[in-house]
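So the structure is just underneath, and the comments pick up after that.
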Amino acid sequence: MKKSIFAALLMFVGTYSYSQYDPKALEILEAMSKKYKAIPTFEANITTGLVNESEGVKEEFKGKITVKGDKFKLLLDDQEIINNGTTVWTYLPSAKEVNIDNFDPGSDDVNPTKIFDMYKKGFKYLYIADKTEGGVVCEEIDLVPEKKDAQYFKIKMMIVKKDKSIQSWTMFDKAGNRFIYTITKFNPNIKLDDAFFTFDPKKYPGIEVIDLR
């Protein structure tokens with residue numbers, strides 16, 4: 001189950017019956033996107049969860065995302081995903097292996113550098129209501145992928161009304177799963193060298209390198 005949570009973070013497509021292009025939703029999303037585009041680097045602590053009420057599943061994990069432009073590093077309990085804008089490394093410490101692949105910016109995969117702009121291509125959007133989450137008043141927006149033959153049918157974004165920051169987002173699939181991502185801490189404008197977004201296997205003696213390029 002844990003693996004599927006983070007796979008959901010990186011890929012989703014779908015459809016939804018009442019989808020539309022809502023001017024109010026667009027205005028909110030544009031303000032949110034503008035806010036984050038003005039921040040060249042940031043680090044965020046994220047709590048991720050999987051809920052399936054019919055199967056009695058409720059799981060929660062913690063992670064950290066660091067972003068600089070189109071580069072990111074995602075640190076999880078059991079793996080690290082590093083993307084320097086050209087190459088993607090997936091490091092599995094317990095297995096002592098790293099998978100290396102090319103990054104395809106034109107793919108359907110969604111990475112943390114795209115989360116603020118994902119509504120601009122392939123999605124419809126709808127403002128639902130103002131709602132308090134975690135003691136903060138948020139604007140609830142549904143994003144609906146335009147593809148109809150998909151596993152995920154909706155993404156719900158909670159955007160803080162006061163400053164247009166992202167409080168959380170939830171992905172819904174057709175199996176009744178909800179993948180929930182909540183930003184618990186956000187540090188903008190941190191100093192980062194590009195070398196931070198690379199993985200050097202030589203620093204990990206005995207590691208198996210699986211090159212998929």
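Each chain in the structure tokens gets a letter, A, B and so on, in the order shown; residues start at 1 in every chain, and ligands are counted from 1 in the order they appear.
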Give me the residues of range 45-86 of chain A that have any atom at most 12 Å from an atom of range 180-195 of chain A; for each, the nearest atom pair and the distance in Å, rounded to one decimal. Use only C-alpha atoms, sort by chain and number, and format it as a tab-separated table.
```
residue	atom	partner	partner_atom	distance
A:Asn45	CA	A:Lys185	CA	5.0
A:Ile46	CA	A:Ile183	CA	4.6
A:Thr47	CA	A:Thr182	CA	5.2
A:Thr48	CA	A:Tyr181	CA	4.6
A:Gly49	CA	A:Ile180	CA	4.9
A:Leu50	CA	A:Ile180	CA	6.3
A:Val51	CA	A:Ile180	CA	7.9
A:Asn52	CA	A:Ile180	CA	11.2
A:Lys58	CA	A:Ile180	CA	10.6
A:Glu59	CA	A:Ile180	CA	10.0
A:Glu60	CA	A:Ile180	CA	8.9
A:Phe61	CA	A:Tyr181	CA	9.7
A:Lys62	CA	A:Tyr181	CA	9.5
A:Gly63	CA	A:Ile183	CA	9.8
A:Lys64	CA	A:Lys185	CA	9.3
A:Ile65	CA	A:Phe186	CA	9.6
A:Thr66	CA	A:Leu192	CA	9.3
A:Val67	CA	A:Leu192	CA	9.1
A:Lys68	CA	A:Leu192	CA	7.6
A:Gly69	CA	A:Asp194	CA	10.2
A:Asp70	CA	A:Asp194	CA	10.8
A:Lys71	CA	A:Asp194	CA	8.3
A:Phe72	CA	A:Asp194	CA	10.0
A:Lys73	CA	A:Asp194	CA	11.1
A:Ile82	CA	A:Ala195	CA	10.9
A:Asn83	CA	A:Asp194	CA	10.6
A:Asn84	CA	A:Asp194	CA	7.7
A:Gly85	CA	A:Asp194	CA	10.3
```
Excluding range 137-146 of chain A and any residue of its chain fewer than 6 positions from it, enumerate the residues within 6 Å of it, using only C-alpha atoms, and give them as an MDAnalysis selection string.
chainID A and resid 13:16 122:131 154:161
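Distances to Ile115 in chain A were evaluated for A:Tyr152, A:Pro205, A:Ile166, A:Val136 using only C-alpha atoms, and the minimum falls at A:Ile166.
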To one decimal place in Å, what is the distance between CA of Pro201 in chain A and CA of Asp77 in chain A?
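It comes out at 19.2 Å.
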Could you tell me which of A:Lys96, A:Lys35, A:Lys121, A:Lys24 comes closest to Ile207 in chain A if we count only C-alpha atoms?
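Answer, going by the shortest atom-to-atom distance: A:Lys96.
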Hey, what's within 12 Å of Ile210 in chain A if we count only C-alpha atoms and toss same-chain stuff fewer than 4 positions away? As a PyMOL selection string, please?
chain A and resi 88-92+95-101+201
From a backbone DSSP assignment, name each residue in chain A labelled strand (DSSP E or B), as a CSV table (one decimal) with N, CA and C atoms, in the first residue's frame.
```
chain,number,residue,atom,x,y,z
A,11,MET,N,1.9,10.1,-10.6
A,11,MET,CA,1.2,9.9,-11.9
A,11,MET,C,-0.3,9.8,-11.6
A,21,TYR,N,-15.0,24.2,-16.8
A,21,TYR,CA,-14.0,25.3,-16.6
A,21,TYR,C,-14.6,26.4,-15.8
A,41,THR,N,13.3,28.6,-4.8
A,41,THR,CA,13.6,27.3,-4.1
A,41,THR,C,12.7,27.2,-2.9
A,42,PHE,N,12.4,25.9,-2.5
A,42,PHE,CA,11.7,25.7,-1.3
A,42,PHE,C,11.9,24.3,-0.8
A,43,GLU,N,11.6,24.1,0.5
A,43,GLU,CA,11.6,22.8,1.1
A,43,GLU,C,10.3,22.7,1.9
A,44,ALA,N,9.7,21.5,1.8
A,44,ALA,CA,8.4,21.3,2.4
A,44,ALA,C,8.3,19.9,3.1
A,45,ASN,N,7.8,19.9,4.3
A,45,ASN,CA,7.5,18.6,5.0
A,45,ASN,C,6.1,18.2,4.6
A,46,ILE,N,5.9,17.0,4.2
A,46,ILE,CA,4.6,16.5,3.8
A,46,ILE,C,4.2,15.3,4.5
A,47,THR,N,2.9,15.3,5.0
A,47,THR,CA,2.3,14.0,5.5
A,47,THR,C,1.5,13.4,4.4
A,48,THR,N,1.7,12.1,4.1
A,48,THR,CA,0.9,11.5,3.1
A,48,THR,C,0.1,10.3,3.7
A,49,GLY,N,-1.1,10.2,3.2
A,49,GLY,CA,-2.0,9.2,3.7
A,49,GLY,C,-2.7,8.4,2.7
A,50,LEU,N,-3.2,7.2,3.0
A,50,LEU,CA,-4.0,6.4,2.2
A,50,LEU,C,-5.2,6.0,3.0
A,51,VAL,N,-6.4,6.3,2.5
A,51,VAL,CA,-7.7,6.0,3.2
A,51,VAL,C,-8.6,5.2,2.2
A,52,ASN,N,-9.1,4.1,2.6
A,52,ASN,CA,-10.1,3.3,1.9
A,52,ASN,C,-11.1,2.8,3.0
A,57,VAL,N,-8.9,0.7,5.5
A,57,VAL,CA,-7.5,1.1,5.4
A,57,VAL,C,-7.3,2.5,5.8
A,58,LYS,N,-6.3,2.8,6.7
A,58,LYS,CA,-6.0,4.1,7.0
A,58,LYS,C,-4.5,4.1,7.4
A,59,GLU,N,-3.7,4.7,6.5
A,59,GLU,CA,-2.2,4.7,6.7
A,59,GLU,C,-1.7,6.1,6.5
A,60,GLU,N,-0.6,6.3,7.2
A,60,GLU,CA,0.0,7.7,7.1
A,60,GLU,C,1.5,7.6,7.2
A,61,PHE,N,2.2,8.4,6.4
A,61,PHE,CA,3.7,8.4,6.3
A,61,PHE,C,4.1,9.9,6.2
A,62,LYS,N,5.4,10.1,6.5
A,62,LYS,CA,5.9,11.5,6.4
A,62,LYS,C,7.0,11.5,5.3
A,63,GLY,N,7.2,12.7,4.7
A,63,GLY,CA,8.3,12.8,3.7
A,63,GLY,C,8.7,14.3,3.6
A,64,LYS,N,9.7,14.5,2.8
A,64,LYS,CA,10.2,15.9,2.6
A,64,LYS,C,10.5,16.1,1.1
A,65,ILE,N,10.1,17.2,0.6
A,65,ILE,CA,10.3,17.6,-0.8
A,65,ILE,C,11.1,18.9,-0.8
A,66,THR,N,12.2,18.8,-1.6
A,66,THR,CA,13.0,20.0,-1.9
A,66,THR,C,13.0,20.3,-3.4
A,67,VAL,N,12.7,21.6,-3.7
A,67,VAL,CA,12.5,21.9,-5.1
A,67,VAL,C,13.3,23.2,-5.5
A,68,LYS,N,13.9,23.1,-6.7
A,68,LYS,CA,14.6,24.2,-7.3
A,68,LYS,C,14.4,24.2,-8.8
A,71,LYS,N,14.0,21.0,-10.8
A,71,LYS,CA,14.7,19.9,-10.0
A,71,LYS,C,14.0,19.6,-8.7
A,72,PHE,N,14.1,18.4,-8.3
A,72,PHE,CA,13.5,18.1,-7.0
A,72,PHE,C,14.2,16.9,-6.3
A,73,LYS,N,14.0,16.8,-5.0
A,73,LYS,CA,14.4,15.6,-4.2
A,73,LYS,C,13.3,15.3,-3.3
A,74,LEU,N,12.8,14.1,-3.3
A,74,LEU,CA,11.7,13.6,-2.5
A,74,LEU,C,12.3,12.5,-1.6
A,75,LEU,N,12.3,12.8,-0.3
A,75,LEU,CA,12.8,11.9,0.7
A,75,LEU,C,11.7,11.2,1.5
A,80,GLU,N,14.4,7.4,-1.8
A,80,GLU,CA,14.7,8.7,-2.2
A,80,GLU,C,14.5,8.8,-3.8
A,81,ILE,N,13.8,9.9,-4.2
A,81,ILE,CA,13.6,10.1,-5.6
A,81,ILE,C,14.3,11.5,-5.9
A,82,ILE,N,15.3,11.5,-6.8
A,82,ILE,CA,16.0,12.7,-7.1
A,82,ILE,C,15.9,12.9,-8.6
A,83,ASN,N,15.6,14.2,-9.0
A,83,ASN,CA,15.4,14.6,-10.4
A,83,ASN,C,16.2,15.9,-10.6
A,87,THR,N,17.8,13.6,-15.5
A,87,THR,CA,17.9,12.2,-15.0
A,87,THR,C,17.1,12.1,-13.7
A,88,VAL,N,16.5,10.9,-13.5
A,88,VAL,CA,15.8,10.5,-12.3
A,88,VAL,C,16.5,9.3,-11.6
A,89,TRP,N,16.9,9.5,-10.4
A,89,TRP,CA,17.4,8.4,-9.6
A,89,TRP,C,16.4,8.0,-8.5
A,90,THR,N,16.1,6.7,-8.4
A,90,THR,CA,15.3,6.2,-7.3
A,90,THR,C,16.1,5.3,-6.5
A,91,TYR,N,16.5,5.7,-5.3
A,91,TYR,CA,17.3,5.0,-4.4
A,91,TYR,C,16.6,4.3,-3.3
A,92,LEU,N,16.8,3.0,-3.2
A,92,LEU,CA,16.1,2.1,-2.2
A,92,LEU,C,17.2,1.6,-1.2
A,97,GLU,N,20.0,-0.5,-3.7
A,97,GLU,CA,20.0,-0.4,-5.2
A,97,GLU,C,19.5,1.0,-5.6
A,98,VAL,N,19.9,1.4,-6.8
A,98,VAL,CA,19.4,2.7,-7.3
A,98,VAL,C,19.0,2.5,-8.8
A,99,ASN,N,17.8,2.9,-9.1
A,99,ASN,CA,17.4,2.8,-10.5
A,99,ASN,C,17.6,4.2,-11.1
A,100,ILE,N,18.1,4.2,-12.3
A,100,ILE,CA,18.4,5.5,-13.1
A,100,ILE,C,17.6,5.5,-14.4
A,101,ASP,N,16.9,6.6,-14.6
A,101,ASP,CA,16.1,6.7,-15.8
A,101,ASP,C,16.2,8.1,-16.3
A,102,ASN,N,15.8,8.3,-17.6
A,102,ASN,CA,15.7,9.6,-18.2
A,102,ASN,C,14.5,10.3,-17.7
A,109,ASP,N,3.4,11.9,-16.2
A,109,ASP,CA,3.8,11.9,-14.8
A,109,ASP,C,3.8,13.3,-14.2
A,123,PHE,N,-6.8,19.4,-17.6
A,123,PHE,CA,-7.7,19.4,-16.5
A,123,PHE,C,-8.8,20.4,-16.7
A,124,LYS,N,-10.0,20.0,-16.1
A,124,LYS,CA,-11.1,20.9,-15.9
A,124,LYS,C,-11.1,21.2,-14.4
A,125,TYR,N,-11.7,22.3,-14.0
A,125,TYR,CA,-11.6,22.7,-12.6
A,125,TYR,C,-12.9,23.4,-12.2
A,126,LEU,N,-13.2,23.2,-10.9
A,126,LEU,CA,-14.5,23.7,-10.3
A,126,LEU,C,-14.3,24.2,-8.9
A,127,TYR,N,-14.7,25.4,-8.6
A,127,TYR,CA,-14.7,25.9,-7.2
A,127,TYR,C,-15.9,25.2,-6.5
A,128,ILE,N,-15.6,24.6,-5.3
A,128,ILE,CA,-16.7,24.0,-4.5
A,128,ILE,C,-17.2,24.9,-3.4
A,129,ALA,N,-16.3,25.3,-2.5
A,129,ALA,CA,-16.8,26.1,-1.4
A,129,ALA,C,-15.6,26.5,-0.6
A,130,ASP,N,-15.8,27.5,0.3
A,130,ASP,CA,-14.8,27.8,1.4
A,130,ASP,C,-15.0,26.8,2.5
A,131,LYS,N,-13.9,26.3,3.0
A,131,LYS,CA,-14.0,25.2,4.0
A,131,LYS,C,-12.8,25.3,4.9
A,132,THR,N,-13.0,25.1,6.2
A,132,THR,CA,-12.0,25.2,7.2
A,132,THR,C,-11.3,23.8,7.3
A,133,GLU,N,-10.0,23.8,7.2
A,133,GLU,CA,-9.2,22.6,7.3
A,133,GLU,C,-8.0,22.9,8.2
A,136,VAL,N,-7.7,26.4,9.3
A,136,VAL,CA,-7.4,27.5,8.3
A,136,VAL,C,-8.5,27.5,7.3
A,137,VAL,N,-9.0,28.7,6.9
A,137,VAL,CA,-10.0,28.8,5.9
A,137,VAL,C,-9.4,28.6,4.5
A,138,CYS,N,-9.9,27.6,3.8
A,138,CYS,CA,-9.4,27.3,2.5
A,138,CYS,C,-10.4,27.3,1.4
A,139,GLU,N,-10.0,27.5,0.2
A,139,GLU,CA,-10.9,27.5,-1.0
A,139,GLU,C,-10.7,26.1,-1.6
A,140,GLU,N,-11.8,25.4,-1.7
A,140,GLU,CA,-11.8,24.0,-2.1
A,140,GLU,C,-12.0,24.0,-3.6
A,141,ILE,N,-11.1,23.4,-4.3
A,141,ILE,CA,-11.1,23.3,-5.8
A,141,ILE,C,-11.0,21.9,-6.2
A,142,ASP,N,-11.9,21.4,-7.1
A,142,ASP,CA,-11.8,20.1,-7.7
A,142,ASP,C,-11.1,20.2,-9.1
A,143,LEU,N,-10.1,19.4,-9.3
A,143,LEU,CA,-9.4,19.3,-10.6
A,143,LEU,C,-9.8,18.0,-11.2
A,144,VAL,N,-10.3,18.0,-12.5
A,144,VAL,CA,-10.8,16.8,-13.1
A,144,VAL,C,-10.0,16.6,-14.4
A,145,PRO,N,-9.2,15.5,-14.5
A,145,PRO,CA,-8.5,15.2,-15.7
A,145,PRO,C,-9.5,15.0,-16.9
A,152,TYR,N,-7.5,7.5,-11.9
A,152,TYR,CA,-7.9,8.6,-11.0
A,152,TYR,C,-8.9,9.5,-11.6
A,153,PHE,N,-9.9,9.8,-10.8
A,153,PHE,CA,-11.0,10.6,-11.4
A,153,PHE,C,-11.1,12.0,-10.9
A,154,LYS,N,-10.4,12.3,-9.8
A,154,LYS,CA,-10.5,13.7,-9.2
A,154,LYS,C,-9.3,14.0,-8.3
A,155,ILE,N,-9.0,15.3,-8.3
A,155,ILE,CA,-8.0,15.8,-7.4
A,155,ILE,C,-8.6,17.0,-6.7
A,156,LYS,N,-8.7,16.9,-5.4
A,156,LYS,CA,-9.2,18.0,-4.6
A,156,LYS,C,-8.1,18.8,-4.0
A,157,MET,N,-8.0,20.1,-4.3
A,157,MET,CA,-7.0,21.0,-3.7
A,157,MET,C,-7.6,21.9,-2.7
A,158,MET,N,-7.0,22.1,-1.6
A,158,MET,CA,-7.4,23.0,-0.5
A,158,MET,C,-6.3,24.1,-0.5
A,159,ILE,N,-6.8,25.3,-0.9
A,159,ILE,CA,-5.9,26.5,-1.1
A,159,ILE,C,-6.2,27.5,0.0
A,160,VAL,N,-5.2,27.9,0.8
A,160,VAL,CA,-5.5,28.8,1.9
A,160,VAL,C,-6.0,30.1,1.3
A,166,ILE,N,-0.9,26.3,-0.7
A,166,ILE,CA,-1.5,25.0,-0.7
A,166,ILE,C,-1.5,24.4,0.7
A,167,GLN,N,-2.7,24.1,1.2
A,167,GLN,CA,-2.9,23.4,2.5
A,167,GLN,C,-2.7,21.9,2.3
A,168,SER,N,-3.4,21.3,1.3
A,168,SER,CA,-3.4,19.9,1.0
A,168,SER,C,-4.0,19.6,-0.4
A,169,TRP,N,-3.8,18.4,-0.8
A,169,TRP,CA,-4.5,17.9,-2.0
A,169,TRP,C,-4.8,16.4,-1.8
A,170,THR,N,-5.9,16.0,-2.4
A,170,THR,CA,-6.3,14.6,-2.3
A,170,THR,C,-6.7,14.1,-3.6
A,171,MET,N,-6.2,12.9,-3.9
A,171,MET,CA,-6.4,12.2,-5.2
A,171,MET,C,-7.4,11.0,-4.9
A,172,PHE,N,-8.4,10.9,-5.8
A,172,PHE,CA,-9.4,9.9,-5.7
A,172,PHE,C,-9.3,8.9,-6.8
A,173,ASP,N,-9.3,7.6,-6.5
A,173,ASP,CA,-9.2,6.6,-7.6
A,173,ASP,C,-10.5,5.8,-7.7
A,178,ARG,N,-8.3,7.1,-1.3
A,178,ARG,CA,-8.0,8.5,-1.3
A,178,ARG,C,-6.6,8.7,-0.9
A,179,PHE,N,-5.8,9.3,-1.7
A,179,PHE,CA,-4.4,9.6,-1.4
A,179,PHE,C,-4.3,11.0,-1.0
A,180,ILE,N,-3.9,11.3,0.2
A,180,ILE,CA,-4.0,12.6,0.8
A,180,ILE,C,-2.6,13.1,1.1
A,181,TYR,N,-2.3,14.3,0.7
A,181,TYR,CA,-1.0,15.0,0.9
A,181,TYR,C,-1.2,16.3,1.6
A,182,THR,N,-0.6,16.5,2.7
A,182,THR,CA,-0.8,17.7,3.5
A,182,THR,C,0.6,18.3,3.8
A,183,ILE,N,0.7,19.6,3.5
A,183,ILE,CA,2.0,20.3,3.7
A,183,ILE,C,2.0,20.8,5.2
A,184,THR,N,2.9,20.3,6.0
A,184,THR,CA,3.0,20.6,7.4
A,184,THR,C,4.0,21.6,7.7
A,185,LYS,N,4.9,21.9,6.9
A,185,LYS,CA,5.9,22.9,7.1
A,185,LYS,C,6.5,23.3,5.7
A,186,PHE,N,6.7,24.6,5.5
A,186,PHE,CA,7.1,25.2,4.2
A,186,PHE,C,8.2,26.2,4.5
A,187,ASN,N,9.4,26.0,3.9
A,187,ASN,CA,10.5,26.9,4.0
A,187,ASN,C,10.9,27.4,2.6
A,188,PRO,N,10.6,28.7,2.3
A,188,PRO,CA,10.9,29.2,1.0
A,188,PRO,C,12.3,29.8,0.9
A,208,GLU,N,23.8,-1.6,-5.9
A,208,GLU,CA,23.6,-2.1,-7.2
A,208,GLU,C,22.9,-1.0,-8.1
A,209,VAL,N,23.5,-0.7,-9.2
A,209,VAL,CA,23.1,0.3,-10.1
A,209,VAL,C,22.3,-0.3,-11.3
A,210,ILE,N,21.0,0.0,-11.4
A,210,ILE,CA,20.1,-0.5,-12.5
A,210,ILE,C,19.9,0.7,-13.4
A,211,ASP,N,20.6,0.7,-14.5
A,211,ASP,CA,20.5,1.8,-15.5
A,211,ASP,C,19.4,1.5,-16.5
```
